[in-house]
>>> print(open('structure11.cif').read())   # mmCIF, C-alpha atoms and all ligand atoms
data_run
loop_
_atom_site.label_atom_id
_atom_site.label_comp_id
_atom_site.auth_asym_id
_atom_site.auth_seq_id
_atom_site.Cartn_x
_atom_site.Cartn_y
_atom_site.Cartn_z
CA MET A 1 72.89 104.63 81.97
CA THR A 2 74.25 101.11 81.75
CA SER A 3 72.51 98.24 83.52
CA PHE A 4 75.54 97.33 85.66
CA PHE A 5 74.20 98.79 88.91
CA GLU A 6 70.55 98.09 88.04
CA GLY A 7 68.28 98.18 91.06
CA ILE A 8 70.74 100.12 93.23
CA ALA A 9 69.51 103.58 94.16
CA PRO A 10 71.74 106.47 95.27
CA ILE A 11 72.85 105.87 98.86
CA GLN A 12 71.11 108.04 101.46
CA TYR A 13 71.91 108.96 105.04
CA GLU A 14 69.38 107.23 107.32
CA GLY A 15 70.98 107.79 110.74
CA PRO A 16 72.62 105.47 113.32
CA ASP A 17 69.48 103.38 113.90
CA SER A 18 69.06 102.34 110.27
CA THR A 19 69.40 98.62 109.54
CA ASN A 20 69.58 99.15 105.77
CA PRO A 21 72.96 97.84 104.53
CA MET A 22 72.72 100.16 101.52
CA ALA A 23 72.37 103.36 103.57
CA PHE A 24 74.75 105.57 105.52
CA ARG A 25 74.34 105.49 109.28
CA HIS A 26 77.08 108.02 110.07
CA TYR A 27 78.20 109.63 106.81
CA ASN A 28 75.99 112.68 106.47
CA PRO A 29 77.83 114.99 104.05
CA ASP A 30 76.21 118.24 105.22
CA GLU A 31 76.49 117.56 108.95
CA MET A 32 78.80 120.06 110.64
CA VAL A 33 81.77 118.68 112.56
CA MET A 34 83.98 121.25 114.30
CA GLY A 35 82.59 124.00 112.08
CA LYS A 36 83.09 122.20 108.76
CA ARG A 37 80.86 119.94 106.61
CA MET A 38 81.64 116.25 107.02
CA GLU A 39 82.15 115.87 103.28
CA ASP A 40 84.74 118.66 103.34
CA HIS A 41 86.61 117.05 106.24
CA LEU A 42 86.77 113.53 104.85
CA ARG A 43 87.11 114.23 101.11
CA PHE A 44 86.46 110.61 100.09
CA ALA A 45 87.94 109.22 96.90
CA VAL A 46 87.23 106.00 95.00
CA ALA A 47 90.33 104.23 93.65
CA TYR A 48 89.82 103.34 90.00
CA TRP A 49 92.37 100.50 90.07
CA HIS A 50 90.88 98.29 92.75
CA SER A 51 87.24 98.91 91.88
CA PHE A 52 87.44 98.80 88.10
CA ALA A 53 90.83 97.55 86.84
CA TRP A 54 91.61 94.66 89.21
CA GLU A 55 89.98 91.43 87.99
CA GLY A 56 90.16 89.37 91.18
CA GLN A 57 93.52 87.65 90.72
CA ASP A 58 95.62 86.50 93.65
CA PRO A 59 99.05 84.80 93.65
CA PHE A 60 97.37 81.39 93.24
CA GLY A 61 94.53 82.05 90.87
CA GLY A 62 93.37 84.23 88.03
CA GLN A 63 90.40 86.39 87.38
CA THR A 64 87.22 85.85 89.39
CA PHE A 65 85.28 88.96 88.33
CA GLU A 66 83.47 89.06 85.01
CA ARG A 67 82.69 92.64 84.08
CA PRO A 68 81.18 94.08 80.90
CA TRP A 69 84.43 96.08 80.32
CA HIS A 70 86.56 92.88 80.18
CA PRO A 71 88.95 92.15 78.56
CA GLN A 72 90.51 95.56 79.24
CA ASP A 73 92.34 95.82 75.94
CA SER A 74 90.30 98.24 73.86
CA MET A 75 89.40 101.91 74.00
CA GLU A 76 85.75 101.03 73.52
CA ARG A 77 85.72 99.02 76.73
CA ALA A 78 87.87 101.62 78.52
CA LYS A 79 85.06 104.09 77.83
CA LEU A 80 82.41 101.67 79.06
CA LYS A 81 84.49 101.23 82.22
CA ALA A 82 84.57 105.01 82.69
CA ASP A 83 80.78 105.21 82.18
CA ILE A 84 80.21 102.61 84.88
CA ALA A 85 82.79 104.18 87.20
CA PHE A 86 80.94 107.51 87.07
CA GLU A 87 77.64 105.70 87.70
CA MET A 88 79.18 104.33 90.89
CA PHE A 89 80.53 107.76 91.90
CA ASP A 90 76.97 109.10 91.56
CA ILE A 91 75.43 106.27 93.59
CA LEU A 92 77.94 106.91 96.37
CA ASN A 93 77.83 110.72 96.03
CA ALA A 94 81.65 110.44 95.98
CA PRO A 95 83.39 113.82 95.92
CA PHE A 96 86.64 112.45 94.42
CA PHE A 97 88.31 109.61 92.54
CA CYS A 98 91.94 108.65 91.80
CA TRP A 99 93.60 106.80 88.90
CA HIS A 100 96.78 105.35 87.46
CA ASP A 101 97.29 105.70 83.71
CA ALA A 102 97.13 101.91 83.35
CA ASP A 103 93.70 101.78 85.03
CA VAL A 104 91.98 104.09 82.59
CA ARG A 105 93.60 103.18 79.24
CA PRO A 106 94.57 99.85 77.66
CA GLU A 107 98.30 99.02 77.65
CA GLN A 108 99.63 99.53 74.10
CA GLY A 109 103.19 98.33 74.60
CA ASN A 110 104.93 101.56 73.53
CA PHE A 111 105.03 105.13 74.78
CA ALA A 112 103.51 106.92 71.77
CA ASP A 113 100.40 104.74 71.70
CA ASN A 114 100.06 104.81 75.49
CA LEU A 115 100.20 108.61 75.31
CA ALA A 116 97.54 108.79 72.62
CA THR A 117 95.12 106.50 74.46
CA LEU A 118 95.76 108.26 77.80
CA ASN A 119 94.96 111.61 76.22
CA GLU A 120 91.85 110.24 74.55
CA ILE A 121 90.44 108.57 77.66
CA THR A 122 91.24 111.49 79.96
CA ASP A 123 89.42 113.79 77.51
CA TYR A 124 86.49 111.40 77.71
CA ILE A 125 86.68 111.40 81.52
CA GLY A 126 86.99 115.20 81.49
CA ASP A 127 83.71 115.42 79.56
CA LYS A 128 82.02 113.20 82.13
CA MET A 129 83.37 115.40 84.94
CA GLN A 130 81.57 118.39 83.43
CA THR A 131 78.23 116.92 84.49
CA SER A 132 79.38 115.10 87.63
CA LYS A 133 80.18 116.36 91.10
CA THR A 134 83.13 113.96 91.37
CA LYS A 135 86.54 115.62 91.09
CA LEU A 136 90.02 114.20 90.73
CA LEU A 137 91.85 113.89 94.08
CA TRP A 138 95.02 112.62 92.43
CA GLY A 139 96.48 110.98 89.39
CA THR A 140 99.53 108.74 89.26
CA ALA A 141 101.56 106.52 86.93
CA ASN A 142 101.58 102.75 87.19
CA MET A 143 105.30 102.00 86.92
CA PHE A 144 105.21 98.53 88.44
CA SER A 145 102.85 96.20 86.52
CA HIS A 146 104.34 95.98 83.02
CA ARG A 147 107.51 93.88 82.70
CA ARG A 148 109.53 96.91 81.55
CA TRP A 149 109.45 98.12 85.17
CA MET A 150 110.62 94.87 86.77
CA SER A 151 113.94 96.38 87.96
CA GLY A 152 112.46 99.73 88.94
CA ALA A 153 111.44 102.95 87.17
CA SER A 154 113.63 105.94 88.14
CA THR A 155 115.99 103.55 89.97
CA ASN A 156 116.40 101.16 87.03
CA PRO A 157 119.99 100.26 86.05
CA ASP A 158 118.92 100.88 82.41
CA PRO A 159 118.83 104.63 81.51
CA ASP A 160 116.22 103.89 78.84
CA VAL A 161 113.80 102.81 81.56
CA PHE A 162 114.53 106.05 83.47
CA ALA A 163 113.67 107.92 80.26
CA PHE A 164 110.46 105.90 79.74
CA ALA A 165 109.53 106.64 83.37
CA ALA A 166 110.17 110.37 82.96
CA ALA A 167 108.02 110.46 79.81
CA THR A 168 105.29 108.46 81.54
CA VAL A 169 105.19 110.70 84.63
CA LYS A 170 105.12 113.81 82.43
CA SER A 171 102.12 112.43 80.54
CA CYS A 172 100.31 111.57 83.79
CA MET A 173 101.06 115.00 85.32
CA ASP A 174 99.72 116.64 82.15
CA ALA A 175 96.54 114.55 82.32
CA THR A 176 96.11 115.21 86.06
CA HIS A 177 96.53 118.93 85.46
CA LYS A 178 94.06 118.87 82.56
CA LEU A 179 91.43 117.24 84.80
CA GLY A 180 91.95 119.73 87.64
CA GLY A 181 93.57 117.13 89.91
CA GLN A 182 94.30 118.34 93.43
CA ASN A 183 97.48 116.29 93.94
CA TYR A 184 99.92 114.13 92.01
CA VAL A 185 101.14 110.95 93.75
CA LEU A 186 104.30 108.89 93.34
CA TRP A 187 104.27 105.54 95.04
CA GLY A 188 107.66 103.87 94.51
CA GLY A 189 106.21 100.63 93.15
CA ARG A 190 109.44 98.86 92.29
CA GLU A 191 111.81 101.55 93.54
CA GLY A 192 113.69 99.16 95.78
CA TYR A 193 115.58 95.93 95.32
CA GLU A 194 115.61 92.18 95.78
CA THR A 195 119.33 91.67 96.44
CA LEU A 196 122.37 93.87 97.03
CA LEU A 197 124.35 91.40 94.91
CA ASN A 198 123.05 93.19 91.81
CA THR A 199 122.09 96.60 93.24
CA ASP A 200 124.05 99.84 93.66
CA LEU A 201 121.88 101.34 96.36
CA SER A 202 123.56 104.74 96.49
CA VAL A 203 123.35 105.31 92.72
CA GLU A 204 119.69 104.27 92.72
CA LEU A 205 118.81 106.66 95.56
CA ASP A 206 120.55 109.55 93.78
CA HIS A 207 118.61 108.81 90.61
CA MET A 208 115.34 108.67 92.55
CA GLY A 209 116.15 112.03 94.19
CA ARG A 210 117.00 113.61 90.85
CA PHE A 211 113.85 112.20 89.25
CA LEU A 212 111.65 113.67 91.99
CA ALA A 213 113.37 117.05 91.63
CA MET A 214 112.48 116.97 87.91
CA VAL A 215 108.85 116.19 88.82
CA VAL A 216 108.80 119.24 91.12
CA ASP A 217 110.36 121.45 88.41
CA TYR A 218 107.80 120.25 85.88
CA LYS A 219 104.94 120.94 88.29
CA HIS A 220 106.06 124.58 88.50
CA LYS A 221 106.66 124.78 84.77
CA ILE A 222 103.08 123.81 83.90
CA GLY A 223 101.57 125.81 86.78
CA PHE A 224 100.10 122.77 88.54
CA LYS A 225 98.86 124.08 91.90
CA GLY A 226 98.27 120.72 93.57
CA ALA A 227 100.66 118.98 95.92
CA ILE A 228 103.28 116.41 94.91
CA LEU A 229 103.00 113.45 97.27
CA VAL A 230 105.16 110.37 97.83
CA GLU A 231 103.65 107.26 99.38
CA PRO A 232 105.77 105.26 101.85
CA LYS A 233 105.69 101.47 101.88
CA PRO A 234 108.30 99.15 103.41
CA GLN A 235 108.13 96.13 101.12
CA GLU A 236 105.98 94.47 98.47
CA PRO A 237 106.55 94.25 95.60
CA SER A 238 110.29 94.71 96.28
CA LYS A 239 111.86 93.02 99.27
CA HIS A 240 113.30 96.39 100.30
CA GLN A 241 111.43 99.54 99.20
CA TYR A 242 113.40 102.80 99.37
CA ASP A 243 110.35 104.73 100.66
CA TYR A 244 110.12 102.52 103.75
CA ASP A 245 107.99 104.69 106.04
CA ALA A 246 107.18 108.34 106.80
CA ALA A 247 110.44 108.94 108.68
CA THR A 248 112.52 107.41 105.86
CA CYS A 249 110.73 109.52 103.24
CA ILE A 250 111.22 112.69 105.26
CA GLY A 251 114.96 111.98 105.55
CA PHE A 252 115.11 111.28 101.80
CA LEU A 253 113.28 114.51 100.95
CA ARG A 254 115.61 116.54 103.16
CA LYS A 255 118.70 114.92 101.64
CA TYR A 256 117.60 115.97 98.15
CA GLY A 257 116.33 119.42 99.22
CA LEU A 258 112.68 118.62 98.47
CA GLU A 259 111.20 118.95 101.97
CA ASN A 260 109.28 122.12 101.13
CA GLU A 261 107.98 120.79 97.82
CA VAL A 262 106.79 117.26 98.51
CA LYS A 263 104.42 115.85 101.13
CA LEU A 264 103.31 112.36 102.04
CA ASN A 265 100.38 110.16 101.08
CA LEU A 266 100.11 107.75 104.00
CA GLU A 267 98.37 104.38 103.78
CA GLN A 268 97.11 102.48 106.79
CA GLY A 269 98.08 99.07 105.38
CA HIS A 270 101.60 100.28 104.60
CA ALA A 271 101.98 101.53 108.18
CA ILE A 272 101.03 98.05 109.39
CA LEU A 273 103.57 96.43 107.02
CA ALA A 274 106.23 98.75 108.44
CA GLY A 275 105.39 97.67 111.98
CA HIS A 276 103.77 101.00 112.86
CA SER A 277 100.29 102.10 113.80
CA PHE A 278 98.59 104.40 111.31
CA GLU A 279 98.47 107.23 113.85
CA HIS A 280 102.23 106.92 114.32
CA GLU A 281 102.81 107.55 110.61
CA ILE A 282 100.35 110.46 110.61
CA ALA A 283 101.95 112.00 113.72
CA VAL A 284 105.46 111.70 112.23
CA ALA A 285 104.25 113.51 109.10
CA THR A 286 102.25 116.21 110.89
CA ALA A 287 105.17 116.92 113.24
CA GLU A 288 107.09 117.99 110.12
CA GLY A 289 104.13 119.66 108.39
CA MET A 290 104.29 117.00 105.69
CA LEU A 291 100.90 115.30 105.83
CA GLY A 292 99.39 115.40 102.35
CA SER A 293 96.67 112.77 102.01
CA ILE A 294 95.72 109.28 103.19
CA ASP A 295 94.90 105.89 101.68
CA MET A 296 92.39 104.43 104.13
CA ASN A 297 92.69 100.69 103.62
CA ARG A 298 93.71 98.18 106.21
CA ASN A 299 95.77 95.05 106.10
CA ASP A 300 95.05 91.77 107.76
CA TYR A 301 97.11 91.63 110.96
CA GLN A 302 97.78 87.93 110.63
CA SER A 303 98.64 87.40 106.98
CA GLY A 304 101.56 89.86 106.73
CA TRP A 305 100.85 91.17 103.26
CA ASP A 306 99.15 94.07 101.61
CA THR A 307 95.54 92.88 101.57
CA ASP A 308 94.02 96.32 100.88
CA GLN A 309 90.76 95.76 102.74
CA PHE A 310 88.14 98.39 103.36
CA PRO A 311 88.48 99.95 106.83
CA ASN A 312 86.20 98.50 109.51
CA ASN A 313 87.81 99.31 112.83
CA THR A 314 86.43 102.45 114.48
CA PRO A 315 89.09 102.86 117.22
CA GLU A 316 91.93 102.78 114.67
CA VAL A 317 90.19 105.15 112.29
CA ALA A 318 89.25 107.52 115.13
CA LEU A 319 92.86 107.87 116.28
CA ALA A 320 94.00 108.50 112.71
CA TYR A 321 91.49 111.34 112.27
CA TYR A 322 92.31 112.63 115.76
CA HIS A 323 95.85 113.37 114.60
CA ILE A 324 94.66 114.71 111.25
CA LEU A 325 92.19 117.09 112.95
CA LYS A 326 94.81 118.16 115.47
CA ALA A 327 97.03 119.17 112.57
CA GLY A 328 94.21 121.25 111.05
CA GLY A 329 92.71 118.64 108.70
CA PHE A 330 93.33 118.09 105.00
CA ASP A 331 94.34 120.83 102.65
CA THR A 332 94.49 119.40 99.11
CA GLY A 333 94.47 115.82 100.44
CA GLY A 334 91.62 113.49 101.30
CA THR A 335 90.62 109.94 102.23
CA ASN A 336 91.23 107.59 99.31
CA PHE A 337 89.93 104.03 99.53
CA ASP A 338 92.92 102.22 98.07
CA ALA A 339 90.86 99.14 98.94
CA LYS A 340 89.56 96.17 97.05
CA LEU A 341 86.83 93.62 97.47
CA ARG A 342 87.65 90.09 98.51
CA ARG A 343 87.86 88.03 95.32
CA GLN A 344 84.68 86.09 96.16
CA SER A 345 82.64 89.31 96.35
CA LEU A 346 81.48 89.10 92.75
CA ASP A 347 78.39 91.28 92.62
CA PRO A 348 78.10 94.97 91.70
CA LYS A 349 76.24 95.35 94.99
CA ASP A 350 79.38 94.21 96.86
CA LEU A 351 81.34 97.08 95.30
CA ILE A 352 78.82 99.64 96.53
CA ALA A 353 78.34 98.07 99.97
CA ALA A 354 82.11 97.98 100.56
CA HIS A 355 82.39 101.72 99.95
CA VAL A 356 79.29 102.47 102.01
CA GLY A 357 80.79 100.61 104.97
CA GLY A 358 84.19 102.26 104.57
CA MET A 359 82.70 105.74 104.31
CA ASP A 360 80.52 105.09 107.34
CA ILE A 361 83.39 103.84 109.51
CA CYS A 362 85.44 106.90 108.58
CA ALA A 363 82.54 109.21 109.39
CA ARG A 364 82.09 107.49 112.73
CA GLY A 365 85.82 107.77 113.43
CA LEU A 366 85.80 111.44 112.47
CA LYS A 367 82.90 112.17 114.83
CA ALA A 368 84.70 110.35 117.66
CA ALA A 369 87.92 112.24 116.94
CA ALA A 370 86.11 115.58 116.93
CA ALA A 371 84.35 114.71 120.20
CA MET A 372 87.71 113.90 121.82
CA ILE A 373 89.15 117.20 120.63
CA GLU A 374 86.14 119.16 121.82
CA ASP A 375 86.23 117.39 125.19
CA GLY A 376 89.94 118.17 125.48
CA GLY A 377 90.75 115.20 127.74
CA LEU A 378 93.76 113.94 125.78
CA GLU A 379 95.13 117.39 125.12
CA GLY A 380 94.75 118.30 128.80
CA ALA A 381 96.57 115.16 129.93
CA LEU A 382 99.34 115.85 127.42
CA SER A 383 99.92 119.44 128.51
CA ALA A 384 99.88 118.38 132.17
CA ARG A 385 102.53 115.75 131.41
CA TYR A 386 104.86 118.31 129.81
CA ALA A 387 103.90 121.24 132.10
CA ASP A 388 107.27 121.40 133.86
CA TRP A 389 108.88 122.27 130.55
CA GLN A 390 107.01 125.60 130.68
CA LYS A 391 109.17 126.70 133.63
CA PRO A 392 111.95 129.20 132.76
CA ASP A 393 114.56 126.99 134.40
CA ALA A 394 113.67 124.06 132.15
CA GLN A 395 113.61 126.23 129.03
CA SER A 396 116.99 127.82 129.74
CA MET A 397 118.50 124.34 130.14
CA LEU A 398 117.87 123.77 126.41
CA ASN A 399 120.30 126.62 125.67
CA SER A 400 122.82 125.44 128.23
CA ASP A 401 125.54 122.77 127.95
CA LEU A 402 126.29 119.41 129.52
CA GLY A 403 128.87 120.83 131.98
CA ALA A 404 126.54 123.50 133.36
CA ILE A 405 123.65 121.05 133.59
CA ALA A 406 125.83 118.54 135.46
CA GLN A 407 126.81 121.29 137.93
CA LYS A 408 123.11 122.16 138.42
CA VAL A 409 122.29 118.50 139.21
CA LEU A 410 125.06 118.51 141.84
CA ASP A 411 124.19 121.92 143.32
CA GLN A 412 120.43 121.33 143.55
CA GLU A 413 120.77 117.61 144.36
CA ILE A 414 118.35 116.83 141.52
CA ASN A 415 116.97 113.29 141.85
CA PRO A 416 113.85 112.83 139.67
CA ASP A 417 110.75 111.22 141.12
CA PRO A 418 109.11 108.99 138.41
CA LYS A 419 105.50 109.81 137.55
CA SER A 420 102.80 107.58 136.06
CA GLY A 421 102.29 107.68 132.28
CA ARG A 422 98.60 106.76 132.88
CA GLN A 423 98.33 104.73 129.67
CA GLU A 424 95.39 102.58 130.76
CA ILE A 425 93.48 105.60 132.05
CA LEU A 426 93.98 107.28 128.66
CA GLU A 427 93.00 104.14 126.74
CA ASN A 428 89.84 103.89 128.84
CA TYR A 429 89.15 107.52 128.07
CA VAL A 430 89.39 106.92 124.31
CA ASN A 431 87.03 103.95 124.62
CA ARG A 432 84.29 106.29 125.86
CA PHE A 433 84.26 107.93 122.41
CA VAL A 434 84.64 105.01 120.00
C1 LIG S 1 100.28 100.04 96.58
C2 LIG S 1 99.97 101.45 96.65
C3 LIG S 1 99.34 102.04 95.40
C4 LIG S 1 99.42 103.53 95.43
C5 LIG S 1 99.21 104.18 94.09
O1 LIG S 1 100.48 99.37 97.57
O2 LIG S 1 99.17 101.68 97.77
O3 LIG S 1 98.03 101.58 95.26
O4 LIG S 1 98.50 104.08 96.33
O5 LIG S 1 100.15 103.78 93.19
NI NI S 2 99.07 100.00 99.08
NI NI S 3 98.13 103.41 98.23
#
>>> encode(input="structure11.cif", output="structure tokens")
Amino acid sequence: MTSFFEGIAPIQYEGPDSTNPMAFRHYNPDEMVMGKRMEDHLRFAVAYWHSFAWEGQDPFGGQTFERPWHPQDSMERAKLKADIAFEMFDILNAPFFCWHDADVRPEQGNFADNLATLNEITDYIGDKMQTSKTKLLWGTANMFSHRRWMSGASTNPDPDVFAFAAATVKSCMDATHKLGGQNYVLWGGREGYETLLNTDLSVELDHMGRFLAMVVDYKHKIGFKGAILVEPKPQEPSKHQYDYDAATCIGFLRKYGLENEVKLNLEQGHAILAGHSFEHEIAVATAEGMLGSIDMNRNDYQSGWDTDQFPNNTPEVALAYYHILKAGGFDTGGTNFDAKLRRQSLDPKDLIAAHVGGMDICARGLKAAAAMIEDGGLEGALSARYADWQKPDAQSMLNSDLGAIAQKVLDQEINPDPKSGRQEILENYVNRFV
């Protein structure tokens, strides 16, 4: 044990009346919700990058955190960072974690050394996993921080960068597979552009499609059973990201014939950046059977950038889980906190408390979502609204043609009578549960 989290005991469930900020009031892993343990529904993951690699910088100022594993430039300190990360997973009783290669190993400046340190640190992490309950939800490659990626990874105009990206993703897929990871994620960090004056958009999209097809082939080659997930985001860091939102990604996957091989990792903050609600993104994905996993971190509604805050809004979270539960819940996916502290939250206790709050809000949202499903009020209102489509006449119209339908309107003097959408009544209904 290190002394980093000294004085902080493992977090316990104390029930909704507890006033202890270091206890769960709603997250009770063994509690059954719709026939399944809460822990198995939510499948929480800690994000290594925000909790352990990010040093508190913002666009106007440098590091605010001072951690015993800083500076992050040696293997010795990478191992200390892993030790402390697993101490936090234990305190939180976290079932999963996620990493980028650049979070767990120091950057060496060339592929061969990066590969060697990645293999060494993931062996070290693998040893720790032997005695820990915490499993790997997903691994991924950071192909956006180092300057080599400034013009993109698979979409880079320089074929050598494409090659470096392919080698990097292969190494991260190998490491994810070695650690029993349940998914492999590709977020298109700088797969986008700043200006069309220097960008051949159609060539870049073809390269990105081909790259993803190679990832899928490699998954099958090594027998990786997890899901390959892409993560939509509309902008930031690029002005225009190719993976704009769920609908854009689904169109892209269909164009390159990957719709049965790749699913989506949806992030609440990215939905907000795209001008969507989180439940919209989830519903678009579940309508196509393409929901993979979620990153449960919100953005600030006023600031307009990716602030990656821990979730704290029950109604939003409840509606997200409502759509996830309606689609049958997670398979290999889970709830990853791709969330970071505010840069003034310096203490180890802040790191724990942030996760406790996030886990609790999600548990509360899940319980509300399950209660709405069990009550059936929304589902009932929805089927009543579409009930006329059950009639044979309505169904046969879908196999008819415009001419015949026009004749029917004339013959039967069809003149629709508008009906209320009852939005406020439905919103008031939801408020009873959240
Ligand atoms: C950035 C993304 C990133 C991915 C993993 O906005 O959310 O953190 O989840 O590369
Ligand atoms: Ni993000
Ligand atoms: Ni994310």
>>> atom_distance(input="structure11.cif", atom1="CA of Trp149 in chain A", atom2="CA of Arg67 in chain A")
27.3 Å
>>> closest_residue(input="structure11.cif", among="A:Ala406, A:Leu325, A:Met397, A:Leu186", to="ligand NI 2 (chain S)", atoms="all atoms listed in the file")
A:Leu186
>>> residues_near_ligand(input="structure11.cif", ligand="ligand NI 2 (chain S)", cutoff="12 Å", atoms="only C-alpha atoms and all ligand atoms", output="count of residues only")
41
>>> closest_atom_pairs(input="structure11.cif", of="range 143-232 of chain A", to="range 86-104 of chain A", cutoff="10 Å", atoms="only C-alpha atoms", output="CSV")
residue,atom,partner,partner_atom,distance
A:Met143,CA,A:Ala102,CA,8.9
A:Ser145,CA,A:Ala102,CA,8.7
A:His146,CA,A:Ala102,CA,9.3
A:Thr168,CA,A:Asp101,CA,8.7
A:Val169,CA,A:Asp101,CA,9.4
A:Ser171,CA,A:Asp101,CA,8.9
A:Cys172,CA,A:Asp101,CA,6.6
A:Ala175,CA,A:Asp101,CA,9.0
A:Thr176,CA,A:Trp99,CA,9.2
A:Gly181,CA,A:Cys98,CA,8.8
A:Gln182,CA,A:Phe96,CA,9.7
A:Asn183,CA,A:Cys98,CA,9.7
A:Tyr184,CA,A:Cys98,CA,9.7
A:Val185,CA,A:His100,CA,9.5
>>> closest_residue(input="structure11.cif", among="A:Arg190, A:Thr131, A:Ala320, A:Met359", to="Arg147 in chain A", atoms="only C-alpha atoms")
A:Arg190
>>> atom_distance(input="structure11.cif", atom1="CA of Gly223 in chain A", atom2="CA of Thr140 in chain A")
17.4 Å
>>> atom_distance(input="structure11.cif", atom1="CA of Tyr429 in chain A", atom2="CA of Ala370 in chain A")
14.1 Å
